[in-house]
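Colleague: Structure file target-v9.txt (compact mmCIF, C-alpha atoms) right here:
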```txt
# COMPACT_ATOMS: atom_id res chain seq x y z
CA MET A 208 163.04 231.51 53.46
CA SER A 209 162.07 230.21 50.02
CA THR A 210 158.61 229.67 48.58
CA LEU A 211 157.40 227.10 46.08
CA HIS A 212 154.08 227.06 44.28
CA PHE A 213 152.43 223.94 42.88
CA ALA A 214 149.38 223.83 40.65
CA SER A 215 148.51 220.57 42.44
CA ALA A 216 150.01 218.91 45.51
CA LEU A 217 149.32 215.88 47.68
CA LEU A 218 148.83 217.15 51.25
CA PRO A 219 148.04 215.03 54.33
CA SER A 220 144.40 216.00 53.81
CA GLY A 221 144.46 214.96 50.16
CA TRP A 222 145.02 216.62 46.80
CA ALA A 223 144.82 220.41 46.71
CA ASP A 224 145.16 223.01 43.96
CA ASP A 225 147.32 226.13 43.92
CA VAL A 226 149.49 225.22 46.89
CA GLN A 227 152.19 227.53 48.21
CA VAL A 228 154.89 225.96 50.42
CA GLU A 229 157.25 228.05 52.52
CA VAL A 230 160.58 226.54 53.59
CA THR A 231 162.93 227.88 56.26
CA ASP A 232 166.11 226.17 57.45
CA GLN A 233 165.24 222.86 55.75
CA ILE A 234 161.78 222.69 57.32
CA ILE A 235 158.35 223.37 55.83
CA THR A 236 156.99 226.29 57.85
CA LYS A 237 153.74 227.06 56.05
CA VAL A 238 151.44 225.41 53.50
CA THR A 239 148.61 227.38 51.94
CA ALA A 240 146.17 225.98 49.39
CA GLY A 241 144.01 227.94 46.97
CA VAL A 242 146.38 230.87 46.46
CA ALA A 243 147.80 232.34 43.27
CA PRO A 244 151.58 232.16 42.86
CA GLY A 245 153.52 235.12 44.21
CA PRO A 246 156.20 236.96 42.22
CA GLN A 247 159.01 235.23 44.15
CA ASP A 248 157.55 231.73 44.07
CA GLU A 249 159.28 228.97 42.14
CA ARG A 250 156.46 227.40 40.16
CA HIS A 251 155.84 223.73 39.33
CA GLU A 252 152.88 221.64 38.23
CA LEU A 253 152.53 218.74 40.65
CA ALA A 254 154.18 217.80 43.95
CA ILE A 255 154.16 214.79 46.24
CA PRO A 256 156.14 214.11 49.43
CA GLY A 257 159.50 212.42 49.26
CA ILE A 258 159.49 208.89 50.65
CA THR A 259 161.95 206.69 52.54
CA SER A 260 163.94 203.64 51.55
CA LEU A 261 163.81 202.11 54.99
CA HIS A 262 166.29 199.32 54.24
CA SER A 263 169.50 199.69 52.25
CA HIS A 264 172.88 197.96 52.10
CA ALA A 265 174.67 200.67 50.15
CA PHE A 266 177.81 198.69 49.33
CA GLN A 267 175.76 196.09 47.44
CA ARG A 268 174.96 198.65 44.72
CA GLY A 269 178.48 197.97 43.49
CA MET A 270 177.69 194.31 42.70
CA ALA A 271 174.33 194.84 41.03
CA GLY A 272 174.00 192.40 38.15
CA LEU A 273 177.10 190.37 39.06
CA ALA A 274 175.25 187.34 40.44
CA GLU A 275 173.11 186.47 37.43
CA THR A 276 175.05 183.46 36.12
CA ARG A 277 173.74 180.13 37.36
CA GLY A 278 176.15 177.80 39.11
CA ASN A 279 176.31 173.99 39.08
CA SER A 280 173.65 173.62 41.78
CA ALA A 281 170.34 175.32 42.43
CA ASP A 282 170.91 179.06 42.63
CA THR A 283 169.40 180.59 45.78
CA PHE A 284 169.81 183.40 48.28
CA TRP A 285 172.54 181.34 49.90
CA THR A 286 174.64 181.08 46.71
CA TRP A 287 174.05 184.79 46.01
CA ARG A 288 175.38 185.48 49.51
CA GLU A 289 178.72 183.93 48.63
CA THR A 290 179.11 186.36 45.74
CA MET A 291 178.20 189.22 48.07
CA TYR A 292 180.82 188.12 50.62
CA ARG A 293 183.56 188.02 47.99
CA PHE A 294 182.64 191.52 46.83
CA ALA A 295 182.42 192.91 50.36
CA LEU A 296 185.84 191.57 51.29
CA GLU A 297 187.50 193.66 48.56
CA MET A 298 185.95 197.08 49.22
CA THR A 299 188.01 199.91 50.71
CA PRO A 300 186.54 202.88 52.57
CA ASP A 301 187.02 204.97 49.42
CA ASP A 302 185.14 202.35 47.39
CA THR A 303 182.31 202.32 49.91
CA GLU A 304 181.99 206.11 49.78
CA ALA A 305 181.99 206.15 45.98
CA VAL A 306 179.36 203.44 45.75
CA ALA A 307 177.12 205.00 48.41
CA THR A 308 177.37 208.43 46.78
CA LEU A 309 176.15 207.12 43.44
CA LEU A 310 173.42 205.11 45.12
CA TYR A 311 172.11 208.11 47.03
CA THR A 312 172.06 210.28 43.92
CA GLU A 313 170.04 207.54 42.21
CA MET A 314 167.68 207.28 45.16
CA LEU A 315 167.03 211.00 45.07
CA GLU A 316 166.48 210.94 41.31
CA GLN A 317 163.78 208.32 41.86
CA GLY A 318 161.95 210.09 44.69
CA PHE A 319 163.57 208.61 47.80
CA THR A 320 164.54 211.46 50.13
CA ARG A 321 165.64 209.52 53.24
CA VAL A 322 167.45 206.22 53.61
CA GLY A 323 167.67 203.74 56.45
CA GLU A 324 171.21 202.41 56.04
CA PHE A 325 171.35 198.92 57.56
CA HIS A 326 175.12 199.07 57.82
CA TYR A 327 177.22 196.00 58.54
CA LEU A 328 180.45 196.45 56.54
CA HIS A 329 182.38 197.67 59.58
CA HIS A 330 185.98 196.45 59.66
CA ASP A 331 189.16 196.25 57.59
CA HIS A 332 189.82 193.45 55.09
CA ASP A 333 191.24 191.11 57.73
CA GLY A 334 188.38 191.71 60.15
CA ALA A 335 190.34 194.03 62.45
CA PRO A 336 188.55 197.23 63.49
CA TYR A 337 189.75 200.46 61.92
CA ALA A 338 191.39 203.02 64.20
CA ASN A 339 188.09 204.85 63.97
CA PRO A 340 185.53 202.08 64.67
CA ALA A 341 183.03 203.99 62.52
CA GLU A 342 185.37 204.55 59.55
CA MET A 343 182.91 202.93 57.16
CA ALA A 344 179.90 204.61 58.78
CA THR A 345 181.70 207.94 58.43
CA ARG A 346 181.97 207.32 54.68
CA ILE A 347 178.23 206.62 54.51
CA ALA A 348 177.59 209.88 56.37
CA ARG A 349 179.78 211.77 53.89
CA SER A 350 177.80 210.33 50.99
CA ALA A 351 174.53 211.40 52.60
CA ASP A 352 175.96 214.85 53.27
CA VAL A 353 177.14 215.57 49.72
CA THR A 354 174.03 214.16 48.03
CA GLY A 355 171.53 215.70 50.44
CA ILE A 356 169.58 212.55 51.28
CA GLY A 357 168.21 212.28 54.81
CA LEU A 358 170.00 209.59 56.81
CA THR A 359 168.95 207.18 59.50
CA MET A 360 172.00 205.09 60.38
CA LEU A 361 171.27 201.55 61.53
CA PRO A 362 174.61 199.99 62.54
CA SER A 363 174.18 196.23 62.42
CA PHE A 364 175.26 193.85 65.16
CA TYR A 365 176.52 190.63 63.61
CA ALA A 366 178.28 188.08 65.82
CA HIS A 367 177.62 184.54 64.57
CA GLY A 368 177.31 182.41 61.46
CA SER A 369 173.99 180.78 62.32
CA PHE A 370 171.49 180.09 65.09
CA GLY A 371 172.69 179.24 68.57
CA GLY A 372 175.94 181.21 68.42
CA ALA A 373 177.60 179.27 65.60
CA THR A 374 181.13 180.26 64.57
CA PRO A 375 181.09 182.99 61.90
CA HIS A 376 181.79 182.24 58.25
CA ALA A 377 185.20 183.51 57.07
CA GLY A 378 183.42 185.73 54.56
CA GLN A 379 181.66 187.50 57.42
CA ARG A 380 184.82 188.73 59.14
CA ARG A 381 184.29 192.38 58.22
CA PHE A 382 180.87 192.32 59.90
CA ILE A 383 181.61 190.63 63.23
CA CYS A 384 181.48 192.52 66.55
CA SER A 385 181.40 191.68 70.23
CA VAL A 386 178.87 193.54 72.34
CA ASP A 387 181.59 195.86 73.65
CA GLN A 388 182.90 196.55 70.14
CA PHE A 389 179.39 197.30 68.99
CA ALA A 390 178.87 199.78 71.81
CA ARG A 391 182.02 201.62 70.74
CA LEU A 392 180.85 201.50 67.13
CA ILE A 393 177.51 203.05 68.06
CA ASP A 394 179.22 205.87 69.97
CA ALA A 395 181.55 206.57 67.05
CA THR A 396 178.66 206.49 64.58
CA ARG A 397 176.76 209.05 66.64
CA MET A 398 179.79 211.30 66.29
CA ALA A 399 179.99 210.65 62.55
CA ILE A 400 176.43 211.87 61.90
CA ARG A 401 176.22 214.64 64.48
CA HIS A 402 176.76 217.40 61.91
CA LEU A 403 174.08 216.14 59.50
CA PRO A 404 170.81 218.04 59.95
CA GLY A 405 167.98 215.66 60.74
CA ALA A 406 170.20 212.55 60.83
CA THR A 407 169.11 209.91 63.32
CA ILE A 408 170.44 206.59 64.57
CA GLY A 409 169.02 203.26 65.64
CA ILE A 410 170.39 199.75 65.85
CA ALA A 411 170.04 196.68 63.68
CA PRO A 412 170.59 193.26 65.21
CA HIS A 413 171.27 191.57 61.88
CA SER A 414 169.06 188.50 62.36
CA LEU A 415 168.40 185.70 64.80
CA ARG A 416 171.02 183.76 62.83
CA ALA A 417 173.66 186.29 63.78
CA VAL A 418 172.63 187.30 67.31
CA THR A 419 172.05 185.19 70.42
CA PRO A 420 169.17 186.02 72.80
CA ASP A 421 171.59 187.33 75.45
CA GLU A 422 173.34 189.54 72.91
CA LEU A 423 170.02 190.86 71.65
CA SER A 424 169.05 191.86 75.19
CA ALA A 425 172.46 193.47 75.73
CA ILE A 426 172.41 195.68 72.63
CA LEU A 427 168.79 196.90 72.70
CA PRO A 428 169.54 199.67 75.26
CA LEU A 429 172.12 201.08 72.84
CA ALA A 430 169.26 202.24 70.61
CA GLU A 431 168.40 204.85 73.28
CA GLY A 432 164.79 204.93 72.17
CA GLY A 433 165.62 204.91 68.46
CA PRO A 434 164.47 202.40 65.87
CA VAL A 435 165.33 198.70 65.97
CA HIS A 436 165.53 196.85 62.65
CA ILE A 437 166.12 193.12 62.13
CA HIS A 438 166.03 190.70 59.20
CA ALA A 439 163.41 188.04 59.92
CA ALA A 440 162.02 185.01 58.08
CA GLU A 441 163.43 185.90 54.68
CA GLN A 442 164.07 182.32 53.57
CA VAL A 443 162.52 178.87 54.10
CA LYS A 444 165.90 177.50 55.19
CA GLU A 445 166.16 180.23 57.82
CA VAL A 446 162.73 179.29 59.21
CA GLU A 447 163.61 175.58 59.32
CA GLU A 448 166.90 176.22 61.11
CA CYS A 449 165.23 178.56 63.59
CA ILE A 450 162.66 175.86 64.43
CA THR A 451 165.46 173.34 64.94
CA TRP A 452 167.24 175.77 67.27
CA SER A 453 164.29 177.14 69.25
CA GLY A 454 161.11 175.28 68.39
CA ARG A 455 159.73 178.55 67.05
CA ARG A 456 159.65 180.32 63.70
CA PRO A 457 161.75 183.55 63.57
CA VAL A 458 158.87 186.05 63.69
CA GLU A 459 157.11 183.89 66.27
CA TRP A 460 160.26 183.82 68.43
CA LEU A 461 160.71 187.59 68.24
CA LEU A 462 157.11 188.30 69.14
CA GLU A 463 157.35 185.97 72.14
CA HIS A 464 160.82 186.90 73.44
CA ALA A 465 161.68 190.43 72.30
CA PRO A 466 159.95 193.74 73.16
CA VAL A 467 158.62 194.20 69.62
CA ASP A 468 156.62 197.42 69.39
CA GLN A 469 156.25 200.52 67.22
CA ARG A 470 160.00 201.18 67.30
CA TRP A 471 160.71 197.88 65.55
CA CYS A 472 160.91 197.09 61.87
CA LEU A 473 161.00 193.45 60.76
CA ILE A 474 162.69 193.30 57.38
CA HIS A 475 161.23 190.94 54.75
CA ALA A 476 159.12 188.58 56.90
CA THR A 477 158.27 186.82 53.66
CA GLN A 478 158.00 183.39 55.33
CA THR A 479 155.24 184.07 57.84
CA VAL A 480 152.04 182.22 58.69
CA ALA A 481 148.60 183.58 59.57
CA SER A 482 149.08 183.64 63.35
CA GLU A 483 152.36 185.55 62.98
CA VAL A 484 150.82 188.03 60.55
CA GLU A 485 148.02 188.91 62.94
CA THR A 486 150.28 189.19 66.00
CA LEU A 487 152.86 191.23 64.12
CA ALA A 488 150.14 193.63 62.97
CA ARG A 489 148.88 194.04 66.56
CA SER A 490 152.40 194.77 67.82
CA GLY A 491 152.53 198.06 65.88
CA ALA A 492 155.87 197.14 64.31
CA VAL A 493 156.51 197.95 60.66
CA ALA A 494 157.06 195.27 58.05
CA GLY A 495 160.05 196.42 56.00
CA LEU A 496 159.28 195.11 52.52
CA CYS A 497 161.87 195.09 49.74
CA PRO A 498 159.88 193.60 46.85
CA VAL A 499 162.48 194.03 44.09
CA THR A 500 165.24 192.39 46.12
CA GLU A 501 162.88 189.72 47.44
CA ALA A 502 162.01 188.86 43.84
CA SER A 503 165.66 189.01 42.77
CA LEU A 504 166.74 186.62 45.52
CA GLY A 505 163.76 184.29 45.26
CA ASP A 506 162.76 185.01 48.85
CA GLY A 507 159.03 184.64 48.41
CA ILE A 508 156.01 186.94 48.62
CA PHE A 509 154.98 188.67 51.84
CA PRO A 510 151.30 188.12 52.76
CA ALA A 511 150.54 191.82 52.36
CA ARG A 512 146.77 191.58 51.84
CA GLU A 513 146.32 189.64 55.06
CA PHE A 514 148.73 191.89 56.97
CA LEU A 515 146.96 195.09 55.89
CA ALA A 516 143.56 193.57 56.65
CA ALA A 517 144.83 192.94 60.19
CA GLY A 518 145.83 196.60 60.54
CA GLY A 519 149.53 196.10 59.77
CA ARG A 520 151.92 198.84 58.68
CA PHE A 521 154.62 198.58 56.05
CA GLY A 522 157.36 200.60 54.40
CA ILE A 523 159.56 199.87 51.42
CA GLY A 524 163.31 199.46 51.09
CA THR A 525 165.74 199.01 48.24
CA ASP A 526 167.88 196.47 50.17
CA SER A 527 170.46 195.08 47.71
CA ASN A 528 169.96 198.10 45.43
CA VAL A 529 169.96 195.95 42.32
CA LEU A 530 167.31 198.37 41.03
CA VAL A 531 166.43 201.68 42.65
CA GLY A 532 163.00 203.28 42.42
CA VAL A 533 159.96 204.18 44.51
CA ALA A 534 157.60 203.18 41.70
CA ASP A 535 159.54 199.96 41.06
CA GLU A 536 159.21 198.76 44.67
CA LEU A 537 155.52 199.60 44.98
CA ARG A 538 154.71 198.11 41.58
CA GLN A 539 156.54 194.89 42.43
CA LEU A 540 154.72 194.73 45.78
CA GLU A 541 151.32 194.91 44.09
CA TYR A 542 152.28 192.64 41.20
CA GLY A 543 153.52 189.97 43.62
CA GLN A 544 150.11 190.01 45.28
CA ARG A 545 148.38 189.78 41.90
CA LEU A 546 150.41 186.70 41.03
CA ARG A 547 149.77 185.17 44.44
CA HIS A 548 146.01 185.77 44.48
CA ARG A 549 145.35 185.83 40.72
CA GLU A 550 143.48 189.10 41.06
CA ARG A 551 144.08 192.74 40.17
CA ASN A 552 144.32 195.80 42.46
CA VAL A 553 144.76 193.50 45.44
CA LEU A 554 146.08 196.15 47.84
CA SER A 555 143.75 199.01 46.88
CA GLY A 556 141.69 198.61 50.03
CA GLY A 557 138.27 198.50 48.41
CA PRO A 558 136.07 199.39 45.46
CA GLY A 559 136.74 202.71 43.80
CA ILE A 560 140.04 203.24 45.62
CA SER A 561 143.29 203.92 43.76
CA THR A 562 145.92 201.22 44.27
CA GLY A 563 148.72 203.69 43.66
CA ARG A 564 147.43 206.10 46.28
CA THR A 565 146.87 203.35 48.85
CA LEU A 566 150.40 202.02 48.38
CA PHE A 567 151.98 205.46 48.46
CA ASP A 568 150.17 206.60 51.62
CA ALA A 569 150.96 203.38 53.46
CA ALA A 570 154.63 203.37 52.48
CA LEU A 571 155.03 207.05 53.38
CA ALA A 572 153.60 206.53 56.86
CA GLY A 573 155.26 203.19 57.53
CA GLY A 574 158.65 204.35 56.33
CA ALA A 575 158.44 207.45 58.51
CA GLN A 576 157.60 205.37 61.56
CA ALA A 577 160.39 202.89 60.89
CA LEU A 578 162.99 205.67 60.57
CA ALA A 579 161.73 207.70 63.54
CA GLN A 580 160.36 210.64 61.56
CA PRO A 581 157.39 211.97 63.55
CA ILE A 582 156.27 214.54 60.96
CA VAL A 583 156.39 213.83 57.22
CA GLY A 584 154.59 214.98 54.12
CA LEU A 585 153.81 218.42 52.82
CA GLN A 586 152.89 220.02 56.14
CA PRO A 587 154.44 222.45 58.63
CA GLY A 588 157.15 220.93 60.79
CA ALA A 589 158.20 218.31 58.27
CA ARG A 590 161.59 218.22 56.60
CA ALA A 591 161.16 219.85 53.21
CA ASP A 592 161.40 216.65 51.15
CA ILE A 593 159.41 217.34 48.00
CA VAL A 594 159.18 215.55 44.66
CA THR A 595 157.66 216.88 41.46
CA LEU A 596 156.54 214.57 38.69
CA ASP A 597 156.81 215.35 35.00
CA THR A 598 153.20 215.90 33.98
CA THR A 599 154.23 215.92 30.31
CA HIS A 600 155.30 212.27 30.56
CA PRO A 601 153.08 210.26 28.18
CA SER A 602 151.80 208.12 31.05
CA LEU A 603 150.97 211.15 33.21
CA ALA A 604 149.66 213.63 30.66
CA GLY A 605 146.13 214.82 31.27
CA ARG A 606 145.78 212.99 34.58
CA ARG A 607 144.91 214.47 37.93
CA GLY A 608 144.98 213.38 41.54
CA ASP A 609 145.34 209.70 42.29
CA ALA A 610 145.44 208.85 38.59
CA VAL A 611 148.88 210.48 38.51
CA LEU A 612 150.16 208.09 41.18
CA ASP A 613 148.66 205.13 39.33
CA GLY A 614 150.31 206.27 36.11
CA TRP A 615 153.66 206.79 37.83
CA MET A 616 153.72 203.39 39.50
CA PHE A 617 152.23 201.20 36.82
CA ALA A 618 152.94 202.89 33.49
CA THR A 619 156.25 204.79 33.58
CA GLY A 620 159.89 203.82 33.54
CA SER A 621 162.54 205.64 35.53
CA ASP A 622 162.02 209.05 33.93
CA ALA A 623 158.90 210.45 35.58
CA VAL A 624 160.54 212.36 38.45
CA ALA A 625 161.29 215.96 37.49
CA CYS A 626 162.69 217.78 40.57
CA VAL A 627 163.51 216.81 44.13
CA TRP A 628 164.10 218.99 47.18
CA ALA A 629 165.88 217.28 50.08
CA GLY A 630 165.70 219.33 53.23
CA GLY A 631 164.61 222.28 51.12
CA ASP A 632 167.68 222.03 48.86
CA LYS A 633 166.90 221.40 45.20
CA VAL A 634 169.23 218.49 44.44
CA VAL A 635 167.47 217.06 41.37
CA GLU A 636 166.35 219.11 38.39
CA GLY A 637 165.15 217.80 35.06
CA GLY A 638 165.46 214.29 36.48
CA CYS A 639 169.21 214.63 37.11
CA HIS A 640 170.97 214.96 40.44
CA ARG A 641 173.53 217.76 40.41
CA LEU A 642 176.28 215.26 41.29
CA ARG A 643 175.22 212.59 38.79
CA GLN A 644 178.22 212.78 36.47
CA GLN A 645 180.78 213.20 39.24
CA ALA A 646 179.24 210.35 41.22
CA ARG A 647 179.17 208.05 38.20
CA GLU A 648 182.82 208.68 37.40
CA ALA A 649 183.93 207.91 40.96
CA PHE A 650 181.69 204.83 41.11
CA ASN A 651 182.94 203.49 37.78
CA LYS A 652 186.56 203.93 38.82
CA ALA A 653 185.97 201.97 42.01
CA VAL A 654 183.87 199.20 40.52
CA GLN A 655 186.12 198.62 37.51
CA ARG A 656 188.85 197.62 39.93
CA LEU A 657 186.52 195.47 42.04
CA VAL A 658 185.06 193.45 39.19
CA THR A 659 188.34 192.72 37.36
```
Reformat the file's structure so that it appears as structure tokens.

Modeller:
Amino acid sequence: MSTLHFASALLPSGWADDVQVEVTDQIITKVTAGVAPGPQDERHELAIPGITSLHSHAFQRGMAGLAETRGNSADTFWTWRETMYRFALEMTPDDTEAVATLLYTEMLEQGFTRVGEFHYLHHDHDGAPYANPAEMATRIARSADVTGIGLTMLPSFYAHGSFGGATPHAGQRRFICSVDQFARLIDATRMAIRHLPGATIGIAPHSLRAVTPDELSAILPLAEGGPVHIHAAEQVKEVEECITWSGRRPVEWLLEHAPVDQRWCLIHATQTVASEVETLARSGAVAGLCPVTEASLGDGIFPAREFLAAGGRFGIGTDSNVLVGVADELRQLEYGQRLRHRERNVLSGGPGISTGRTLFDAALAGGAQALAQPIVGLQPGARADIVTLDTTHPSLAGRRGDAVLDGWMFATGSDAVACVWAGGDKVVEGGCHRLRQQAREAFNKAVQRLVT
């Protein structure tokens, strides 16, 4: 057992002073407020819970910044995708592990303590399965293991190039599975993560572009009660093509034809209309928002104010990992709403309420639901995922309570996180992950070959 003492901490009941947290075997076993630090306590100023990145494509961290030169035609998600395909086709399992390891150290340094890895880079360069169908997933699991980040694996089923079972694009060959192949991949992935404490698994039908209705029905049982994630309505072109195929918009089709409930997470959903927003909120599913990536790719702005007003739940993800940060995603989410509505503090929830606190609480709860974590936060039974903020940072100095969250999200850069415990293990100290240098060297070696 280890004990930590915080002068101030954000508990499920709210902010509390003089909080002692006991950790045993990666789990918080006792939380006591209003007590002086004991002689064996490790002492810190301010603690908040670690949060989840519910949507990540780890391999894309390797291409961050490589798609920022405009081509001869309008540059869109679809032209960015071609760059992504070219990069994905070159990566080896060693490259994937090196890239994921750096990414997960960066996530932890920024306050993410669990990742939902929406994993679709499955096969060898020619599209043939590896001898171990989960070779690439095994590398992701290794990266999670060495960095300490909590892992929810979401193997992605990808079978077609567009709606209606269209032939796959040549650049997609490393992603493509039959239903039987996918079942074997799921079994092998379960084996790959079995030794990771707290690791869980779900499934991720990639999108309605990539999965037929019959295939969707066939793979859902493979989740075995775990989470189901799917890209939906990210782009206008996607919506138009879905209407041509089915007469319905993507979110509309899913809500009418799939068993969408609290286990589901619809990623992006940027192109939704009022009727879809209200029905999606009633379903209990989580909207998986990735504001930095959605801005980077020109996806659009999710109708968050309307969704929250209807009782909707959301979490945040880093998706393409072009920029990694809890504060960055939540800031971009709020700023997108400010631009859309030409108002300030759009998502605060009401007069006198902190926007930072509202965003943090919602993302903590929604991310936990989306990644099948029944107990989160600084409370007994939760995985000991704890983040301390640097209260000497100029944008945090002298602030207390919710004002600290507001300062972190809206007035700091990437240097406000001090320490991070992942499963009770202190992996970040002084803002640096213990593997930072090693991970950077391995990443740089891999990427230098890939970009030349």

Colleague: Residues of stretch 486-518 of chain A that have any atom at most 8 Å from an atom of stretch 470-474 of chain A: could you tabulate them with the shortest-distance atom pair and the distance in Å to one decimal, using all atoms listed in the file, ordered by chain and increasing number, as CSV?

Modeller:
```
residue,atom,partner,partner_atom,distance
A:Ala492,CA,A:Trp471,CA,5.1
A:Val493,CA,A:Cys472,CA,4.6
A:Ala494,CA,A:Leu473,CA,5.1
A:Gly495,CA,A:Ile474,CA,4.3
A:Leu496,CA,A:Ile474,CA,6.2
A:Cys497,CA,A:Ile474,CA,7.9
```

Colleague: Let me have the centre and edge lengths in Å, one decimal, of the box along x, y and z around every listed atom of stretch 434-453 of chain A with 5 Å of margin on each side, as AutoDock Vina command-line options.

Modeller:
```
--center_x 164.6 --center_y 187.9 --center_z 61.4 --size_x 15.2 --size_y 39.1 --size_z 25.7
```

Colleague: Measuring atom to atom with only C-alpha atoms, identify which of A:Glu342, A:Glu485, A:Glu313, A:Glu448 is nearest to A:Val531.

Modeller: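 When distances to A:Val531 are compared using only C-alpha atoms, the smallest one comes from A:Glu313.
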
Colleague: With a distance cut-off of 9 Å and only C-alpha atoms, select the neighbouring residues of A:Phe325, excluding the residue or stretch itself and same-chain residues fewer than 4 positions from it, and output the selection as a list in words.

Modeller: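 So the residues in contact are Leu261, His262, Ser263, His264, Ala265, Thr359, Met360, Leu361, Pro362, Ser363, Ile410, Ala411, His413, His436 and Asp526 of chain A.
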
Colleague: Which residues are close to A:Ala629, i.e. within 9 Å by only C-alpha atoms, leaving aside same-chain residues fewer than 5 positions away? Reply as a short mmCIF file (atom, residue, chain, number, x, y, z; two decimals) with C-alpha atoms, in the coordinates of the input.

Modeller:
```
data_model
loop_
_atom_site.label_atom_id
_atom_site.label_comp_id
_atom_site.auth_asym_id
_atom_site.auth_seq_id
_atom_site.Cartn_x
_atom_site.Cartn_y
_atom_site.Cartn_z
CA GLN A 233 165.24 222.86 55.75
CA GLY A 257 159.50 212.42 49.26
CA LEU A 315 167.03 211.00 45.07
CA THR A 320 164.54 211.46 50.13
CA ARG A 321 165.64 209.52 53.24
CA THR A 354 174.03 214.16 48.03
CA GLY A 355 171.53 215.70 50.44
CA ILE A 356 169.58 212.55 51.28
CA GLY A 357 168.21 212.28 54.81
CA ARG A 590 161.59 218.22 56.60
CA ALA A 591 161.16 219.85 53.21
CA ASP A 592 161.40 216.65 51.15
CA ILE A 593 159.41 217.34 48.00
CA VAL A 594 159.18 215.55 44.66
CA VAL A 634 169.23 218.49 44.44
CA VAL A 635 167.47 217.06 41.37
#
```

Colleague: One number please: atom CA of A:Gln442 to atom CA of A:Leu392, in Å, one decimal.

Modeller: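 It comes out at 28.9 Å.
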
Colleague: Rounded to one decimal, what separation in Å do you get between atom CA of A:Ser260 and atom CA of A:Gln388?

Modeller: 27.5 Å
